[in-house]
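Peer 1: The structure file input33.txt (compact mmCIF, C-alpha atoms) is provided below.
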# COMPACT_ATOMS: atom_id res chain seq x y z
CA MET C 1320 -28.73 27.58 -14.23
CA ALA C 1321 -27.46 26.35 -17.55
CA PRO C 1322 -29.77 26.73 -20.51
CA PHE C 1323 -31.97 23.67 -21.12
CA SER C 1324 -32.83 22.67 -24.65
CA TYR C 1325 -36.33 21.27 -24.92
CA HIS C 1326 -36.76 21.66 -28.68
CA HIS C 1327 -33.29 21.06 -30.09
CA THR C 1328 -32.65 17.66 -31.61
CA HIS C 1329 -28.91 18.20 -31.94
CA PRO C 1330 -27.06 16.28 -29.20
CA GLN C 1331 -24.36 18.95 -28.87
CA ASP C 1332 -27.01 21.46 -27.74
CA MET C 1333 -28.39 19.25 -24.99
CA TRP C 1334 -27.93 19.89 -21.28
CA TYR C 1335 -28.86 17.27 -18.72
CA VAL C 1336 -29.86 17.42 -15.06
CA LEU C 1337 -28.49 14.78 -12.71
CA THR C 1338 -30.91 14.45 -9.82
CA GLY C 1339 -28.64 12.42 -7.54
CA ILE C 1340 -30.58 9.72 -5.65
CA PRO C 1341 -34.30 10.07 -6.45
CA GLY C 1342 -36.49 10.00 -3.36
CA LEU C 1343 -33.60 10.77 -1.00
CA GLU C 1344 -32.96 14.41 -1.93
CA ASP C 1345 -33.43 15.54 1.67
CA SER C 1346 -30.77 13.08 2.83
CA HIS C 1347 -28.11 14.02 0.27
CA THR C 1348 -26.03 15.86 2.86
CA TRP C 1349 -25.96 12.90 5.23
CA ILE C 1350 -25.30 10.43 2.41
CA SER C 1351 -22.38 12.57 1.22
CA ILE C 1352 -20.47 12.16 4.53
CA PRO C 1353 -19.70 8.42 4.18
CA ILE C 1354 -19.19 8.79 0.43
CA PHE C 1355 -16.66 11.59 0.98
CA SER C 1356 -14.85 9.55 3.66
CA MET C 1357 -14.63 6.50 1.41
CA TYR C 1358 -13.56 8.67 -1.50
CA MET C 1359 -10.63 10.14 0.46
CA LEU C 1360 -9.60 6.73 1.79
CA ALA C 1361 -9.73 5.29 -1.72
CA VAL C 1362 -7.53 8.02 -3.20
CA ILE C 1363 -4.99 8.06 -0.37
CA GLY C 1364 -4.87 4.27 -0.02
CA ASN C 1365 -4.40 3.55 -3.72
CA ILE C 1366 -1.77 6.27 -4.19
CA PHE C 1367 0.10 4.94 -1.16
CA LEU C 1368 -0.14 1.39 -2.55
CA ILE C 1369 1.27 2.53 -5.90
CA PHE C 1370 4.10 4.31 -4.07
CA LEU C 1371 4.98 1.15 -2.12
CA ILE C 1372 5.07 -1.02 -5.23
CA VAL C 1373 7.12 1.46 -7.22
CA THR C 1374 9.72 2.13 -4.51
CA GLU C 1375 10.14 -1.44 -3.19
CA ARG C 1376 12.14 -3.67 -5.54
CA ARG C 1377 10.89 -6.85 -3.89
CA LEU C 1378 7.40 -5.94 -5.11
CA HIS C 1379 8.44 -5.68 -8.75
CA GLU C 1380 6.70 -8.95 -9.58
CA ALA C 1381 3.79 -9.73 -11.87
CA MET C 1382 1.14 -9.89 -9.14
CA TYR C 1383 2.13 -6.54 -7.63
CA ILE C 1384 2.49 -4.87 -11.03
CA PHE C 1385 -1.08 -5.93 -11.82
CA LEU C 1386 -2.08 -4.63 -8.40
CA SER C 1387 -0.52 -1.24 -9.18
CA MET C 1388 -2.48 -1.17 -12.46
CA LEU C 1389 -5.68 -1.92 -10.55
CA ALA C 1390 -4.89 0.84 -8.04
CA SER C 1391 -4.24 3.34 -10.85
CA SER C 1392 -7.57 2.47 -12.44
CA ASP C 1393 -9.31 2.86 -9.08
CA VAL C 1394 -7.83 6.32 -8.59
CA LEU C 1395 -9.18 7.40 -11.98
CA SER C 1396 -12.59 5.83 -11.40
CA THR C 1397 -13.05 7.70 -8.11
CA THR C 1398 -13.20 10.99 -10.04
CA THR C 1399 -16.88 10.18 -10.53
CA ALA C 1400 -17.34 10.58 -6.78
CA SER C 1401 -16.24 14.21 -6.99
CA ARG C 1402 -19.14 14.88 -9.36
CA MET C 1403 -21.51 13.09 -7.01
CA LEU C 1404 -20.35 15.22 -4.08
CA ALA C 1405 -20.86 18.38 -6.13
CA ILE C 1406 -24.48 17.32 -6.60
CA PHE C 1407 -24.98 16.51 -2.91
CA TRP C 1408 -23.26 19.62 -1.52
CA PHE C 1409 -23.66 22.40 -4.07
CA HIS C 1410 -26.66 21.16 -6.10
CA SER C 1411 -24.50 21.35 -9.22
CA MET C 1412 -26.78 19.14 -11.29
CA ASP C 1413 -26.28 20.53 -14.79
CA ILE C 1414 -24.00 18.73 -17.21
CA SER C 1415 -23.55 19.19 -20.95
CA PHE C 1416 -24.02 16.41 -23.47
CA GLY C 1417 -20.28 16.23 -24.23
CA SER C 1418 -19.34 16.00 -20.55
CA CYS C 1419 -22.03 13.39 -19.97
CA VAL C 1420 -20.79 11.23 -22.85
CA SER C 1421 -17.19 11.56 -21.68
CA GLN C 1422 -18.15 10.51 -18.16
CA MET C 1423 -20.16 7.60 -19.56
CA PHE C 1424 -17.21 6.40 -21.67
CA PHE C 1425 -14.65 6.53 -18.87
CA ILE C 1426 -16.95 4.76 -16.39
CA HIS C 1427 -17.47 1.82 -18.76
CA PHE C 1428 -13.86 1.90 -19.96
CA LEU C 1429 -12.37 1.74 -16.45
CA PHE C 1430 -14.81 -1.01 -15.49
CA ALA C 1431 -13.62 -3.08 -18.47
CA VAL C 1432 -9.98 -2.38 -17.58
CA ASP C 1433 -10.54 -3.51 -13.98
CA SER C 1434 -12.23 -6.69 -15.18
CA ALA C 1435 -9.32 -7.50 -17.50
CA ILE C 1436 -6.76 -6.84 -14.76
CA LEU C 1437 -8.62 -9.13 -12.34
CA LEU C 1438 -8.53 -11.83 -15.01
CA ALA C 1439 -4.78 -11.33 -15.42
CA MET C 1440 -4.30 -11.57 -11.64
CA ALA C 1441 -6.31 -14.81 -11.59
CA PHE C 1442 -4.09 -16.24 -14.32
CA ASP C 1443 -0.97 -15.17 -12.42
CA CYS C 1444 -2.28 -16.84 -9.27
CA TYR C 1445 -3.04 -20.02 -11.24
CA VAL C 1446 0.50 -20.17 -12.60
CA ALA C 1447 2.00 -19.51 -9.15
CA VAL C 1448 0.02 -22.32 -7.50
CA CYS C 1449 -0.32 -24.94 -10.26
CA HIS C 1450 2.99 -24.41 -12.08
CA PRO C 1451 5.39 -22.90 -9.53
CA LEU C 1452 8.52 -24.12 -11.31
CA ARG C 1453 7.53 -22.34 -14.51
CA TYR C 1454 6.33 -19.16 -12.82
CA THR C 1455 9.51 -17.14 -13.39
CA THR C 1456 9.61 -18.07 -17.07
CA ILE C 1457 5.92 -17.37 -17.73
CA SER C 1458 5.23 -14.28 -15.59
CA THR C 1459 8.07 -12.14 -16.87
CA SER C 1460 8.20 -8.35 -16.95
CA SER C 1461 7.64 -8.22 -20.70
CA ALA C 1462 4.66 -10.58 -20.47
CA THR C 1463 3.17 -8.48 -17.67
CA GLY C 1464 3.54 -5.28 -19.72
CA LYS C 1465 1.94 -6.89 -22.78
CA ILE C 1466 -1.00 -8.12 -20.72
CA GLY C 1467 -1.52 -4.62 -19.29
CA ILE C 1468 -1.43 -3.00 -22.74
CA THR C 1469 -3.82 -5.65 -24.10
CA ALA C 1470 -6.28 -4.94 -21.27
CA VAL C 1471 -6.29 -1.22 -22.04
CA VAL C 1472 -6.61 -1.69 -25.82
CA ARG C 1473 -9.38 -4.27 -25.48
CA SER C 1474 -11.36 -2.05 -23.13
CA PHE C 1475 -10.99 0.95 -25.45
CA ILE C 1476 -12.19 -1.04 -28.48
CA ILE C 1477 -15.18 -2.36 -26.55
CA CYS C 1478 -16.32 0.96 -25.06
CA PHE C 1479 -15.56 3.38 -27.88
CA PRO C 1480 -18.71 2.42 -29.90
CA PHE C 1481 -20.86 3.66 -27.00
CA ILE C 1482 -20.01 7.22 -28.04
CA PHE C 1483 -21.33 6.73 -31.59
CA LEU C 1484 -24.40 4.83 -30.39
CA VAL C 1485 -25.40 7.80 -28.21
CA HIS C 1486 -24.47 10.45 -30.79
CA ARG C 1487 -26.63 8.90 -33.52
CA LEU C 1488 -29.83 9.31 -31.49
CA SER C 1489 -32.24 12.24 -31.68
CA TYR C 1490 -33.37 13.94 -28.49
CA CYS C 1491 -36.73 15.60 -28.02
CA GLY C 1492 -36.18 17.63 -24.90
CA ARG C 1493 -36.20 15.19 -22.01
CA ASN C 1494 -33.10 16.06 -20.05
CA ILE C 1495 -33.58 14.73 -16.50
CA ILE C 1496 -31.37 11.76 -15.63
CA PRO C 1497 -32.45 10.09 -12.35
CA HIS C 1498 -28.91 9.21 -11.38
CA SER C 1499 -25.75 10.67 -9.83
CA TYR C 1500 -23.64 10.15 -12.96
CA CYS C 1501 -24.12 9.42 -16.66
CA GLU C 1502 -24.17 5.87 -17.95
CA HIS C 1503 -25.05 4.38 -21.33
CA MET C 1504 -28.63 3.23 -20.93
CA GLY C 1505 -29.66 6.15 -18.75
CA THR C 1506 -28.58 8.57 -21.49
CA ALA C 1507 -29.98 6.53 -24.38
CA ARG C 1508 -33.47 6.34 -22.84
CA LEU C 1509 -33.80 10.11 -23.07
CA SER C 1510 -33.88 9.96 -26.88
CA CYS C 1511 -36.91 9.76 -29.14
CA ASP C 1512 -35.48 7.04 -31.41
CA ASN C 1513 -35.46 3.29 -31.15
CA ILE C 1514 -32.65 2.20 -28.80
CA SER C 1515 -32.74 -1.52 -29.58
CA VAL C 1516 -29.22 -1.36 -31.02
CA ASN C 1517 -27.96 0.23 -27.80
CA ILE C 1518 -29.62 -2.45 -25.67
CA ILE C 1519 -28.30 -5.32 -27.80
CA TYR C 1520 -24.76 -3.95 -27.91
CA GLY C 1521 -24.76 -3.28 -24.17
CA LEU C 1522 -25.86 -6.85 -23.39
CA THR C 1523 -23.36 -8.27 -25.90
CA VAL C 1524 -20.48 -6.36 -24.35
CA ALA C 1525 -21.55 -7.39 -20.86
CA LEU C 1526 -21.78 -11.07 -21.80
CA LEU C 1527 -18.82 -11.44 -24.16
CA SER C 1528 -16.29 -9.29 -22.32
CA THR C 1529 -17.14 -9.17 -18.63
CA GLY C 1530 -19.03 -12.47 -18.75
CA LEU C 1531 -16.08 -14.30 -20.33
CA ASP C 1532 -13.73 -12.71 -17.81
CA ILE C 1533 -15.85 -14.13 -14.98
CA VAL C 1534 -15.95 -17.58 -16.62
CA PHE C 1535 -12.16 -17.68 -17.01
CA ILE C 1536 -11.66 -16.43 -13.46
CA ILE C 1537 -13.93 -19.18 -12.09
CA MET C 1538 -12.08 -21.78 -14.18
CA SER C 1539 -8.69 -20.60 -12.93
CA TYR C 1540 -9.75 -20.76 -9.30
CA ALA C 1541 -11.40 -24.15 -9.79
CA MET C 1542 -8.08 -25.52 -11.04
CA ILE C 1543 -6.29 -23.78 -8.18
CA LEU C 1544 -8.57 -25.46 -5.63
CA CYS C 1545 -8.10 -28.85 -7.28
CA THR C 1546 -4.33 -28.44 -7.06
CA VAL C 1547 -4.43 -27.19 -3.48
CA PHE C 1548 -6.56 -30.05 -2.17
CA GLN C 1549 -4.16 -32.56 -3.67
CA ILE C 1550 -1.44 -31.30 -1.32
CA SER C 1551 -1.06 -33.55 1.72
CA SER C 1552 0.25 -30.85 4.05
CA LEU C 1553 -2.44 -28.73 5.71
CA SER C 1554 -0.05 -25.84 6.24
CA ALA C 1555 0.80 -25.84 2.52
CA GLN C 1556 -2.92 -25.85 1.67
CA PHE C 1557 -3.54 -22.92 3.98
CA LYS C 1558 -0.60 -20.98 2.54
CA ALA C 1559 -1.77 -21.55 -1.05
CA LEU C 1560 -5.35 -20.52 -0.25
CA ASN C 1561 -4.15 -17.47 1.66
CA THR C 1562 -2.10 -16.40 -1.37
CA CYS C 1563 -5.24 -15.97 -3.48
CA GLY C 1564 -7.73 -15.21 -0.70
CA SER C 1565 -7.37 -11.46 -1.08
CA HIS C 1566 -7.87 -11.79 -4.83
CA ILE C 1567 -11.19 -13.61 -4.33
CA CYS C 1568 -12.41 -10.91 -1.92
CA VAL C 1569 -11.64 -8.17 -4.45
CA ILE C 1570 -13.45 -10.08 -7.22
CA LEU C 1571 -16.57 -10.53 -5.12
CA MET C 1572 -16.61 -6.86 -4.16
CA PHE C 1573 -16.09 -5.79 -7.76
CA TYR C 1574 -18.61 -7.92 -9.67
CA ALA C 1575 -21.45 -8.30 -7.15
CA PRO C 1576 -22.62 -4.63 -7.00
CA ALA C 1577 -21.80 -4.08 -10.68
CA PHE C 1578 -24.05 -6.89 -11.90
CA PHE C 1579 -26.74 -6.00 -9.39
CA SER C 1580 -26.88 -2.48 -10.83
CA PHE C 1581 -26.69 -3.80 -14.40
CA PHE C 1582 -29.63 -6.21 -14.11
CA ALA C 1583 -31.68 -4.02 -11.80
CA HIS C 1584 -31.51 -1.12 -14.27
CA ARG C 1585 -32.60 -3.31 -17.21
CA PHE C 1586 -34.91 -6.01 -15.85
CA TRP C 1587 -35.86 -5.34 -12.22
CA GLY C 1588 -36.64 -1.63 -12.51
CA LYS C 1589 -40.31 -2.09 -11.54
CA THR C 1590 -39.77 -4.50 -8.65
CA ILE C 1591 -36.84 -2.78 -6.91
CA PRO C 1592 -37.20 0.84 -5.74
CA GLN C 1593 -35.19 3.18 -7.92
CA HIS C 1594 -33.29 4.77 -5.08
CA ILE C 1595 -32.04 1.34 -3.92
CA TYR C 1596 -30.11 0.37 -7.03
CA ILE C 1597 -28.93 3.94 -7.63
CA LEU C 1598 -27.58 4.05 -4.07
CA VAL C 1599 -25.84 0.71 -4.70
CA ALA C 1600 -24.42 2.12 -7.94
CA ASN C 1601 -23.05 5.13 -6.03
CA LEU C 1602 -21.45 2.92 -3.40
CA TYR C 1603 -19.94 0.76 -6.14
CA VAL C 1604 -17.94 3.78 -7.32
CA VAL C 1605 -16.15 4.23 -3.97
CA VAL C 1606 -16.37 0.98 -1.95
CA PRO C 1607 -14.18 -1.38 -4.08
CA PRO C 1608 -11.45 1.26 -4.62
CA MET C 1609 -11.43 1.95 -0.88
CA LEU C 1610 -11.21 -1.70 0.20
CA ASN C 1611 -8.67 -2.89 -2.37
CA PRO C 1612 -5.60 -1.36 -0.65
CA ILE C 1613 -6.87 -2.44 2.77
CA ILE C 1614 -7.41 -6.06 1.75
CA TYR C 1615 -4.12 -6.37 -0.08
CA GLY C 1616 -2.30 -4.62 2.76
CA VAL C 1617 -3.71 -7.05 5.32
CA LYS C 1618 -3.37 -10.24 3.28
CA THR C 1619 0.03 -9.65 1.66
CA LYS C 1620 3.06 -10.05 3.92
CA GLN C 1621 5.46 -8.18 1.62
CA ILE C 1622 3.24 -5.10 1.66
CA GLN C 1623 2.83 -5.38 5.43
CA ASP C 1624 6.60 -5.46 5.91
CA ARG C 1625 7.07 -2.41 3.70
CA ILE C 1626 4.37 -0.45 5.58
CA ILE C 1627 5.93 -1.35 8.94
CA LEU C 1628 9.32 -0.23 7.68
CA LEU C 1629 7.96 3.14 6.53
CA CYS C 1630 5.88 3.66 9.67
CA SER C 1631 8.66 2.77 12.14
CA PRO C 1632 9.11 5.32 14.96
CA ILE C 1633 11.07 8.41 14.00
CA SER C 1634 12.89 8.30 17.31
CA THR C 1635 14.73 5.19 16.20
CA HIS C 1636 16.15 7.01 13.21
CA VAL C 1637 17.07 10.04 15.32
CA LYS C 1638 18.81 7.84 17.88
CA MET C 1639 20.79 6.06 15.17
CA LYS C 1640 21.75 9.40 13.68
CA ASN C 1641 22.96 10.75 17.03
CA ASN C 1642 24.96 7.60 17.72
CA ALA C 1643 26.59 7.81 14.30
CA LYS C 1644 27.41 11.47 14.87
CA CYS C 1645 28.93 10.68 18.27
CA CYS C 1646 31.05 7.88 16.85
CA PHE C 1647 32.51 10.14 14.20
CA ASP C 1648 33.30 13.00 16.61
CA PRO C 1649 37.15 13.40 16.82
CA ARG C 1650 37.04 14.29 20.53
CA PHE C 1651 34.97 11.22 21.28
CA GLN C 1652 37.37 9.01 19.29
CA GLN C 1653 40.42 10.42 21.17
CA GLU C 1654 38.78 9.91 24.55
CA THR C 1655 37.76 6.40 23.62
CA LEU C 1656 41.33 5.62 22.60
CA THR C 1657 42.61 6.92 25.97
CA LEU C 1658 40.08 4.82 27.86
CA ARG C 1659 41.15 1.73 25.96
CA GLU C 1660 44.78 2.40 26.86
CA ASN C 1661 43.83 2.71 30.55
CA ILE C 1662 41.94 -0.55 30.39
CA GLU C 1663 44.85 -2.32 28.72
CA LYS C 1664 47.23 -1.06 31.44
CA VAL C 1665 45.23 -2.75 34.19
CA SER C 1666 43.90 -5.73 32.29
CA PRO C 1667 44.54 -9.11 34.00
CA SER C 1668 46.90 -10.32 31.24
CA SER C 1669 49.12 -7.22 31.32
CA MET C 1670 49.15 -7.02 35.11
CA GLU C 1671 50.00 -10.72 35.37
CA SER C 1672 52.95 -10.32 33.00
CA ARG C 1673 54.24 -7.35 35.03
CA GLY C 1674 53.82 -9.36 38.24
CA ARG C 1675 55.89 -12.19 36.83
CA LYS C 1676 58.67 -9.77 35.84
CA SER C 1677 58.67 -8.26 39.36
CA GLU C 1678 58.85 -11.72 40.89
CA LEU C 1679 61.83 -12.67 38.74
CA GLN C 1680 63.62 -9.47 39.72
CA GLN C 1681 63.06 -10.18 43.40
CA LYS C 1682 64.41 -13.71 43.03
CA LYS C 1683 67.70 -12.24 41.83
CA THR C 1684 68.14 -10.24 45.06
CA LYS C 1685 70.10 -11.52 48.00
CA LYS C 1686 68.60 -14.45 49.90
CA GLY C 1687 69.24 -12.79 53.30
CA SER C 1688 67.33 -9.60 52.59
CA PRO C 1689 63.77 -9.36 53.75
CA ARG C 1690 61.23 -9.89 50.97
CA ASP C 1691 58.52 -7.25 50.46
CA THR C 1692 55.32 -9.07 49.56
CA SER C 1693 53.03 -6.06 49.41
CA GLY C 1694 53.77 -5.53 45.75
CA LEU C 1695 53.10 -9.15 44.95
CA LEU C 1696 49.84 -9.06 46.81
CA ALA C 1697 48.84 -5.97 44.93
CA GLU C 1698 49.82 -7.54 41.64
CA SER C 1699 48.31 -10.96 42.30
CA PRO C 1700 45.78 -12.17 39.68
CA ALA C 1701 42.83 -11.85 42.09
CA ALA C 1702 43.71 -8.26 42.98
CA ASN C 1703 44.43 -7.44 39.35
CA GLY C 1704 41.13 -8.92 38.24
CA SER C 1705 39.15 -6.95 40.78
CA GLU C 1706 40.98 -3.75 39.87
CA PHE C 1707 40.32 -4.39 36.19
CA MET C 1708 36.61 -4.95 36.75
CA THR C 1709 36.41 -1.84 38.90
CA LEU C 1710 38.06 0.32 36.27
CA LYS C 1711 36.02 -1.22 33.48
CA ARG C 1712 32.81 -0.50 35.35
CA ALA C 1713 33.97 3.05 35.95
CA VAL C 1714 34.74 3.48 32.24
CA ILE C 1715 31.27 2.27 31.23
CA GLU C 1716 29.58 4.53 33.76
CA GLY C 1717 31.71 7.44 32.61
CA ALA C 1718 30.70 6.88 28.98
CA ASP C 1719 27.03 6.84 29.97
CA ARG C 1720 27.40 10.06 31.93
CA LYS C 1721 29.11 11.67 28.92
CA LYS C 1722 26.14 10.89 26.72
CA ARG C 1723 23.69 12.23 29.29
CA HIS C 1724 25.43 15.22 30.82
CA GLY C 1725 28.57 15.93 28.80
CA GLN C 1726 30.95 15.23 31.71
CA HIS C 1727 33.05 12.54 30.05
CA GLU C 1728 36.33 14.49 30.21
CA MET C 1729 36.08 15.02 33.96
CA GLU C 1730 35.60 11.30 34.54
CA VAL C 1731 38.60 10.44 32.35
CA ASN C 1732 40.82 12.85 34.30
CA GLU C 1733 39.70 11.42 37.61
CA MET C 1734 40.51 7.90 36.40
CA ARG C 1735 43.91 9.05 35.19
CA ILE C 1736 44.66 10.61 38.61
CA SER C 1737 43.49 7.53 40.49
CA GLY C 1738 45.55 5.36 38.17
CA GLY C 1739 48.63 7.48 38.85
CA GLU C 1740 48.13 7.19 42.61
CA ARG C 1741 47.97 3.42 42.35
CA VAL C 1742 51.22 3.34 40.40
CA ASP C 1743 52.93 5.57 43.02
CA ASP C 1744 51.76 3.30 45.82
CA LYS C 1745 53.23 0.37 44.06
Before anything else, please render the file you have as structure tokens.
Peer 2:
Amino acid sequence: MAPFSYHHTHPQDMWYVLTGIPGLEDSHTWISIPIFSMYMLAVIGNIFLIFLIVTERRLHEAMYIFLSMLASSDVLSTTTASRMLAIFWFHSMDISFGSCVSQMFFIHFLFAVDSAILLAMAFDCYVAVCHPLRYTTISTSSATGKIGITAVVRSFIICFPFIFLVHRLSYCGRNIIPHSYCEHMGTARLSCDNISVNIIYGLTVALLSTGLDIVFIIMSYAMILCTVFQISSLSAQFKALNTCGSHICVILMFYAPAFFSFFAHRFWGKTIPQHIYILVANLYVVVPPMLNPIIYGVKTKQIQDRIILLCSPISTHVKMKNNAKCCFDPRFQQETLTLRENIEKVSPSSMESRGRKSELQQKKTKKGSPRDTSGLLAESPAANGSEFMTLKRAVIEGADRKKRHGQHEMEVNEMRISGGERVDDK
């Protein structure tokens, strides 16, 4: 166990104990199973989504760039789940003051970044639906990069004062945090000083940053709905709503549990059991990052097409590779050339021309001599056509047998011999 400081007032000497979910300590192992599953799905899904957007040029648009930013933030935010699992599995509950403050800062910072990115995605959706002709001039690559940098800088400026607000407090020895991770108010309530400044600043940040983001998001979607319902075509309305439907689902999943935990921790602490809102806070860390790639993968056709292309059967690629290798084999090319020559020799056009020449030669013979019609019958168009189709069918079957059993050369020789016998008979 790490040393606990019950008498030190210096924050740097403090060690805290994270209890996990109070009242459900006996169920920590069972609770960890779904949390671990969602954690792995969130990490794999978001990394895969980032890979798709980076490697596919068709996805290098503003909406998908914002989506890659959101996925990157989700991957970083899921690191909190690893600490939760350490508590559930290994009872690793001790955490130093510096580590606790760092965790607190990054949790609030990444939440603010996600909120700003969702606002940017709502604005992009508004421009795409309400001003489609100006979309390419407004949502440019430079504008997208500036919006992303602004979101990060704004979130850093908002959350950085939390570090000083916690450091300025004096601590009298209480070091048990009834939670699975460190957050601002849970850490501040362990101090002996007045925390009114912390409460006021926390509410101000929640209302002026996240609250304004929600107001602007609602306004953008209200204007989107007004524009959509003015369209006379039902199919166009459905397409426009489907474009932003996935965005609305992500927003609901993101803000609903966050504000439930926020207000429950500050105002409803006595009416709602503590383990309920702490369990919701734990699920909030892993559920939205897990569902974001799934929702966008299902609702976005471009991402679906890219996933299908990557997940196509390997046998198709192997078959194409073998066919290409066979086509470039010199022996196969020589045999194919020979087969084409044999086909040309007995094609209806060539046989008909030779029949006409033979007929002209026979007309020049003496009128009294008996005329041999066997050659003409053999070289008539009907006979030539049947012979051509027979040889063509034999060539196709021979090529198939070559691919299956490697006996193509034997079939070619047999056709050459049979062709020679026909010529001798004639």
Peer 1: Counting all atoms listed in the file, which residues in range 1419-1495 of chain C sit no more than 7 Å from range 1502-1521 of chain C? For each one, give the nearest pair of atoms and the distance in Å, sorted by chain then residue number, as a tab-separated table.
Peer 2:
residue	atom	partner	partner_atom	distance
C:Met1423	CA	C:Glu1502	CA	4.7
C:Leu1484	CA	C:Asn1517	CA	6.4
C:Val1485	CA	C:Ala1507	CA	6.1
C:Leu1488	CA	C:Asp1512	CA	6.1
C:Ser1489	CA	C:Ser1510	CA	5.6
C:Tyr1490	CA	C:Ser1510	CA	4.3
C:Cys1491	CA	C:Cys1511	CA	5.9
C:Arg1493	CA	C:Leu1509	CA	5.7
C:Asn1494	CA	C:Leu1509	CA	6.7
Peer 1: C:Ile1626, C:Ile1354, C:Ile1363, C:Ile1597: which is nearest Tyr1500 in chain C, counting only C-alpha atoms?
Peer 2: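 Among C:Ile1626, C:Ile1354, C:Ile1363, C:Ile1597, it is C:Ile1597 that comes nearest to Tyr1500 in chain C.
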Peer 1: In terms of the shortest atom-to-atom distance over all atoms listed in the file, which of C:Ile1495, C:Gly1616, C:Thr1398, C:Ile1543 is closest to Gln1556 in chain C?
Peer 2: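 Comparing C:Ile1495, C:Gly1616, C:Thr1398, C:Ile1543 against Gln1556 in chain C, the winner is C:Ile1543.
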Peer 1: Between CA of Cys1449 in chain C and CA of Leu1526 in chain C, what is the spacing in Å?
Peer 2: 28.0 Å
Peer 1: Could you jot down the CA of Ser1434 in chain C to CA of Thr1529 in chain C separation for me, Å, one decimal place?
Peer 2: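 Atom-to-atom, CA of Ser1434 in chain C and CA of Thr1529 in chain C are spaced 6.5 Å apart.
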Peer 1: Can you work out the spacing between CA of Gly1339 in chain C and CA of His1498 in chain C in Å, to one decimal?
Peer 2: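 CA of His1498 in chain C lies 5.0 Å from CA of Gly1339 in chain C.
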Peer 1: Ranking C:Pro1576, C:Val1569, C:Leu1452, C:Ala1600 by minimum distance to Ile1614 in chain C and counting all atoms listed in the file, which one comes first?
Peer 2: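 Looking at the shortest contact to Ile1614 in chain C, the residue is C:Val1569.
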Peer 1: Mind listing as a PyMOL selection string all residues within 12 Å of (-22.5, 13.4, -7.3), counting all atoms listed in the file?
Peer 2: chain C and resi 1336-1340+1344+1347-1348+1350-1351+1354-1355+1358+1397-1414+1497-1501+1597-1598+1600-1602+1604-1605
Peer 1: Return the single residue from C:Ile1496, C:Val1547, C:Leu1360, C:Val1432 that is closest to Val1606 in chain C, with distances computed using only C-alpha atoms.
Peer 2: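 Nearest to Val1606 in chain C: C:Leu1360.
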Peer 1: Just checking: using only C-alpha atoms, which residue out of C:Leu1522, C:Met1359, C:Leu1378, C:Ala1462 ends up closest to Gln1623 in chain C?
Peer 2: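 Closest candidate: C:Leu1378.
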Peer 1: Give me the residues near Lys1620 in chain C as a ChimeraX atom specification, where near means some atom within 12 Å (using all atoms listed in the file) and where sequence neighbours in that chain fewer than 2 positions away do not count.
Peer 2: /C:1377-1378,1558,1561-1562,1565,1614-1618,1622-1627
Peer 1: Please list as a PyMOL selection string every residue within 12 Å of Leu1389 in chain C, counting all atoms listed in the file and excluding residues in the same chain fewer than 3 positions away.
Peer 2: chain C and resi 1365-1366+1368-1369+1382-1386+1392-1396+1429-1440+1467+1470-1471+1566+1569-1570+1573+1607-1609+1611-1612+1615
Peer 1: Taking all atoms of range 1525-1536 of chain C that the file lists, what box with edges along x, y and z, padded by 6 Å per side, do you get, with centre and edge lengths in Å to one decimal, as lines of an AutoDock Vina configuration file?
Peer 2:
center_x = -16.7
center_y = -12.5
center_z = -18.8
size_x = 22.1
size_y = 22.3
size_z = 22.7
